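Here's structure_26.txt, which has compact mmCIF, C-alpha atoms:
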```txt
# COMPACT_ATOMS: atom_id res chain seq x y z
CA MET A 1 -98.33 84.39 259.19
CA SER A 2 -95.06 82.54 259.76
CA LEU A 3 -92.52 81.60 257.13
CA ILE A 4 -92.31 77.90 256.29
CA THR A 5 -89.28 76.53 254.44
CA LEU A 6 -89.34 73.48 252.19
CA GLY A 7 -86.06 71.55 252.13
CA ILE A 8 -85.38 69.04 249.35
CA GLU A 9 -82.39 66.72 249.31
CA SER A 10 -82.17 64.45 246.31
CA SER A 11 -79.01 62.41 246.41
CA ALA A 12 -79.05 59.37 244.16
CA MET A 13 -79.95 56.93 246.91
CA LYS A 14 -82.38 58.77 249.20
CA PRO A 15 -84.64 61.60 248.00
CA TYR A 16 -85.75 63.49 251.10
CA ARG A 17 -88.35 66.23 251.64
CA ALA A 18 -88.84 68.26 254.81
CA LEU A 19 -90.84 71.22 256.06
CA PRO A 20 -88.95 72.78 259.00
CA ASN A 21 -90.46 75.61 261.02
CA GLY A 22 -87.65 77.25 262.95
CA ALA A 23 -86.21 74.56 265.21
CA ARG A 24 -89.29 72.38 264.76
CA LEU A 25 -89.71 69.89 261.92
CA LEU A 26 -93.33 69.97 260.72
CA ALA A 27 -93.07 66.88 258.48
CA HIS A 28 -90.63 64.81 256.48
CA ALA A 29 -90.59 61.95 253.97
CA LEU A 30 -87.83 59.68 252.77
CA HIS A 31 -87.70 57.29 249.84
CA THR A 32 -84.72 55.01 249.44
CA GLN A 33 -83.43 53.61 246.15
CA VAL A 34 -80.99 51.18 247.79
CA ALA A 35 -82.91 48.05 246.70
CA MET A 36 -83.21 49.28 243.11
CA HIS A 37 -79.49 50.06 242.79
CA SER A 38 -78.28 46.99 244.69
CA GLU A 39 -79.27 44.86 241.69
CA TYR A 40 -76.55 46.66 239.69
CA GLY A 41 -73.84 46.86 242.35
CA GLY A 42 -74.00 50.66 242.55
CA VAL A 43 -75.94 53.76 241.59
CA VAL A 44 -77.27 53.92 238.04
CA PRO A 45 -77.76 57.67 237.42
CA GLU A 46 -80.42 57.26 234.72
CA LEU A 47 -82.55 55.01 236.94
CA ALA A 48 -82.06 57.36 239.89
CA SER A 49 -83.14 60.45 237.96
CA ARG A 50 -86.22 58.74 236.50
CA ASP A 51 -87.24 57.51 239.95
CA HIS A 52 -86.80 61.02 241.40
CA VAL A 53 -89.07 62.48 238.70
CA ARG A 54 -91.70 59.83 239.39
CA ARG A 55 -91.65 60.29 243.17
CA ILE A 56 -91.06 64.01 243.81
CA ILE A 57 -94.68 65.22 243.59
CA PRO A 58 -96.19 62.42 245.72
CA LEU A 59 -93.50 62.96 248.39
CA LEU A 60 -94.07 66.73 248.36
CA ARG A 61 -97.82 66.25 248.72
CA GLN A 62 -97.28 63.82 251.58
CA VAL A 63 -95.08 66.24 253.55
CA MET A 64 -97.39 69.17 252.90
CA ARG A 65 -100.42 67.18 254.09
CA GLU A 66 -98.55 66.03 257.21
CA ALA A 67 -97.51 69.64 257.92
CA ASP A 68 -101.10 70.77 257.31
CA VAL A 69 -100.08 73.31 254.65
CA LEU A 70 -101.87 71.76 251.68
```
Would you mind writing the file out in structure tokens?
Amino acid sequence: MSLITLGIESSAMKPYRALPNGARLLAHALHTQVAMHSEYGGVVPELASRDHVRRIIPLLRQVMREADVL
């Protein structure tokens, strides 16, 4: 059984999930909040955090399905 690492990057504009396996990337997903924040002329932290909470589980499931680990 090999070790699989889940990487999560959640900057305000682009939450990102990845499942690397050594030098090989098994799957990844990216959601951008650029359109949402552009209405306000910059990042609105409260909107960003709420959007992250809403999207984290679906993005994790997507990457895990793509990597065939779910």
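Across the structure, atom CA of Val63 of chain A and atom CA of Leu25 of chain A are spaced 10.6 Å apart.
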Rank A:Asp68, A:Asp51, A:Glu46, A:Glu9 by their smallest atom-to-atom distance to Ala29 of chain A, using only C-alpha atoms, and report the top residue only.
A:Glu9
Between A:Thr32, A:Thr5, A:Ser38, A:Ser10, which is the closest to Val53 of chain A once you count only C-alpha atoms?
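Checking each of A:Thr32, A:Thr5, A:Ser38, A:Ser10 against Val53 of chain A, counting only C-alpha atoms, the winner is A:Ser10.
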Measuring atom to atom with only C-alpha atoms, identify which of A:Met36, A:Val44, A:Leu6, A:Leu30 is nearest to Ala67 of chain A.
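Among the listed residues, the smallest separation from Ala67 of chain A belongs to A:Leu6.
Using all atoms listed in the file, the shortest contact distance between Pro45 of chain A and any of A:Leu3, A:Ser11, A:His28, A:Arg65 is found at A:Ser11.
When all atoms listed in the file are used to compute distances to His31 of chain A, the closest of the residues A:Val69, A:Leu60, A:Val43, A:Ile4 turns out to be A:Leu60.
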What is the distance, in Å and to one decimal place, between atom CA of Gly41 of chain A and atom CA of Gly7 of chain A?
29.2 Å
Quick one: pull the distance between atom CA of Glu66 of chain A and atom CA of Ser2 of chain A, Å, one decimal.
17.1 Å
With distances taken over all atoms listed in the file, which residue among A:His37, A:Gly42, A:Ser49, A:Ala27 lies nearest Arg61 of chain A?
A:Ala27
